[in-house]
Amino acid sequence: MVHTVEIEVAGRTLRLETGRVARQADGSIWASYGDTVVLATVVASQVAKAGIDFLPLTVDYQEKSFAAGKIPGGYFKREARPSEKAVLTSRQIDRGLRPLFPEGYYFETQVIASVLSADQTGSSDILAIIASSAALTISNIPFDNPIAGVRIGRLDGKFIVNPDLETVAKSELQLVVAGTADAVMMVEAGANELSEAIMLEAIELAHAEIKKIVAKIRELQAAAGKPKRKVAKEQIDSALAAQVKALVAQGIREAIMIPNKAARQERLDEVKDGVRKFGT
């Protein structure tokens, strides 16, 4: 069954749809914004990867020539390696999503956002953030705190939500914000010597738009979401945790205040080694 939600953002319709394509994925979203279309699919292993204590999450943002109505020709007739924008957008998506997975979730998880159609608004990266989050939210993967992304520009003293490429080129601010309904998760910005107050106002404007989009993702989840997997949280002896904290807390506080990165890391390694030796 196909489920769809729509919301107007900056004068264009953002549409999120699930149930029509990629139905064998754990979650999939066909997202459109203006004439830009992104398909986000998410899958996760059913078995936790042995011997690791981190989330093996892979995020791939893919843009091909066909999305702009072009076919590679000339000497090179195949698609080239991922562009710099594709790599950076993959990292943008990852940074917003990764902290929101539950502790103890060590299952290999893959998120792929494929640009199927691109217009001249340059909004495919923003749409990919939203689509990836929505795909995870409606899936059975234990991700239940959706995010959305918004770009903010500033021209002639006025903020512009999701400006097109022509406006971005003239803008004195290029700000990308990703966040949940409650908090900002990721900020990337370039600006022409703007004040802190203006930057904070831009972030607040972005977050106001993010809240509206997240509400629509929640609406889609209520209509088409799958039951979430249960995650067995690792139980750590409270007495042991308190003992380790007493051993390392002060050392870590001192280490993180060291300005030099190499020296800071060396001191942190010394703190860790001290705990290991104490345990033996």
# chains A, B, ... in the order shown; residues from 1 in each chain; ligands from 1
>>> select_by_dssp(residues="region 26-126 of chain A", states="strand (DSSP E or B)", output="PyMOL selection string")
chain A and resi 27-33+36-44+57-63+109-117
>>> write_last_selection(atoms="N, CA and C atoms", output="CSV table (one decimal), in the first residue's frame")
chain,number,residue,atom,x,y,z
A,27,GLY,N,13.3,-0.2,4.7
A,27,GLY,CA,12.6,1.0,4.6
A,27,GLY,C,13.0,1.8,3.3
A,28,SER,N,12.0,2.4,2.7
A,28,SER,CA,12.3,3.2,1.5
A,28,SER,C,11.4,4.4,1.4
A,29,ILE,N,12.0,5.5,0.9
A,29,ILE,CA,11.2,6.7,0.7
A,29,ILE,C,11.5,7.3,-0.7
A,30,TRP,N,10.5,7.6,-1.4
A,30,TRP,CA,10.6,8.3,-2.7
A,30,TRP,C,10.3,9.8,-2.3
A,31,ALA,N,11.3,10.6,-2.4
A,31,ALA,CA,11.1,12.0,-1.9
A,31,ALA,C,11.2,13.0,-3.1
A,32,SER,N,10.3,13.9,-3.2
A,32,SER,CA,10.4,14.9,-4.3
A,32,SER,C,10.3,16.3,-3.7
A,33,TYR,N,11.0,17.3,-4.2
A,33,TYR,CA,10.9,18.7,-3.8
A,33,TYR,C,11.1,19.5,-5.1
A,36,THR,N,13.2,18.0,-8.1
A,36,THR,CA,14.2,17.1,-7.6
A,36,THR,C,13.6,15.9,-7.0
A,37,VAL,N,14.2,14.7,-7.3
A,37,VAL,CA,13.7,13.4,-6.7
A,37,VAL,C,14.8,12.6,-6.2
A,38,VAL,N,14.7,12.1,-5.0
A,38,VAL,CA,15.7,11.3,-4.3
A,38,VAL,C,15.0,10.0,-3.8
A,39,LEU,N,15.6,8.9,-4.1
A,39,LEU,CA,15.1,7.6,-3.5
A,39,LEU,C,16.1,7.2,-2.4
A,40,ALA,N,15.6,7.0,-1.2
A,40,ALA,CA,16.4,6.6,-0.1
A,40,ALA,C,16.0,5.2,0.4
A,41,THR,N,16.9,4.3,0.5
A,41,THR,CA,16.6,2.9,0.9
A,41,THR,C,17.6,2.6,2.1
A,42,VAL,N,17.0,1.9,3.0
A,42,VAL,CA,17.8,1.4,4.2
A,42,VAL,C,17.6,0.0,4.4
A,43,VAL,N,18.7,-0.7,4.8
A,43,VAL,CA,18.7,-2.1,5.1
A,43,VAL,C,19.7,-2.4,6.3
A,44,ALA,N,19.4,-3.4,7.1
A,44,ALA,CA,20.2,-3.7,8.2
A,44,ALA,C,20.3,-5.2,8.4
A,57,LEU,N,27.8,1.7,10.4
A,57,LEU,CA,26.8,2.4,9.5
A,57,LEU,C,27.5,2.9,8.3
A,58,THR,N,26.9,2.6,7.1
A,58,THR,CA,27.4,3.1,5.8
A,58,THR,C,26.4,4.0,5.2
A,59,VAL,N,26.8,5.2,4.8
A,59,VAL,CA,25.9,6.1,4.2
A,59,VAL,C,26.4,6.5,2.8
A,60,ASP,N,25.7,6.3,1.8
A,60,ASP,CA,26.1,6.6,0.4
A,60,ASP,C,25.1,7.5,-0.3
A,61,TYR,N,25.5,8.7,-0.6
A,61,TYR,CA,24.7,9.6,-1.4
A,61,TYR,C,25.2,9.5,-2.9
A,62,GLN,N,24.4,9.2,-3.8
A,62,GLN,CA,24.8,8.9,-5.1
A,62,GLN,C,24.1,9.8,-6.1
A,63,GLU,N,24.9,10.5,-6.9
A,63,GLU,CA,24.3,11.3,-8.0
A,63,GLU,C,24.9,10.9,-9.3
A,109,THR,N,24.4,-1.6,9.0
A,109,THR,CA,23.3,-0.8,8.5
A,109,THR,C,23.8,0.0,7.3
A,110,GLN,N,23.0,0.0,6.2
A,110,GLN,CA,23.3,0.7,5.0
A,110,GLN,C,22.2,1.7,4.6
A,111,VAL,N,22.6,2.9,4.4
A,111,VAL,CA,21.7,3.9,3.9
A,111,VAL,C,22.2,4.4,2.5
A,112,ILE,N,21.3,4.3,1.5
A,112,ILE,CA,21.7,4.8,0.2
A,112,ILE,C,20.7,5.8,-0.3
A,113,ALA,N,21.1,7.0,-0.6
A,113,ALA,CA,20.3,8.1,-1.2
A,113,ALA,C,20.7,8.3,-2.6
A,114,SER,N,19.8,8.0,-3.5
A,114,SER,CA,20.1,8.1,-5.0
A,114,SER,C,19.3,9.2,-5.6
A,115,VAL,N,20.0,10.2,-6.2
A,115,VAL,CA,19.4,11.3,-6.9
A,115,VAL,C,18.8,10.8,-8.2
A,116,LEU,N,17.5,10.8,-8.4
A,116,LEU,CA,16.9,10.3,-9.7
A,116,LEU,C,16.6,11.5,-10.6
A,117,SER,N,16.4,12.6,-10.1
A,117,SER,CA,16.2,13.8,-10.9
A,117,SER,C,16.6,15.0,-10.2
>>> atom_distance(atom1="CA of Leu155 (chain A)", atom2="CA of Leu173 (chain A)")
7.9 Å
>>> closest_residue(among="A:Leu136, A:Pro142, A:Ser65, A:Lys70", to="Phe101 (chain A)", atoms="only C-alpha atoms")
A:Pro142
>>> residues_around(residues="Pro102 (chain A)", least_positions_apart="6", cutoff="12 Å", atoms="only C-alpha atoms", output="PDB file with C-alpha atoms, in the first residue's frame")
ATOM      1  CA  PHE A  54      30.471   0.660  17.524  1.00  0.00           C
ATOM      2  CA  LEU A  55      27.748   1.155  14.919  1.00  0.00           C
ATOM      3  CA  ILE A 141      15.505  -0.575  12.320  1.00  0.00           C
ATOM      4  CA  PRO A 142      15.608   0.850  15.877  1.00  0.00           C
ATOM      5  CA  PHE A 143      15.920   4.467  14.772  1.00  0.00           C
ATOM      6  CA  ASP A 144      13.043   6.470  16.192  1.00  0.00           C
ATOM      7  CA  ASN A 145      14.119  10.106  16.319  1.00  0.00           C
ATOM      8  CA  LYS A 228      10.918  -1.541  15.684  1.00  0.00           C
ATOM      9  CA  ARG A 229      13.445  -4.250  16.517  1.00  0.00           C
ATOM     10  CA  LYS A 230      14.351  -4.674  20.154  1.00  0.00           C
ATOM     11  CA  VAL A 231      17.935  -3.857  21.120  1.00  0.00           C
ATOM     12  CA  ALA A 232      19.494  -5.683  24.032  1.00  0.00           C
ATOM     13  CA  LYS A 233      21.396  -3.043  25.973  1.00  0.00           C
ATOM     14  CA  GLU A 234      24.680  -4.212  27.438  1.00  0.00           C
TER      15      GLU A 234
END
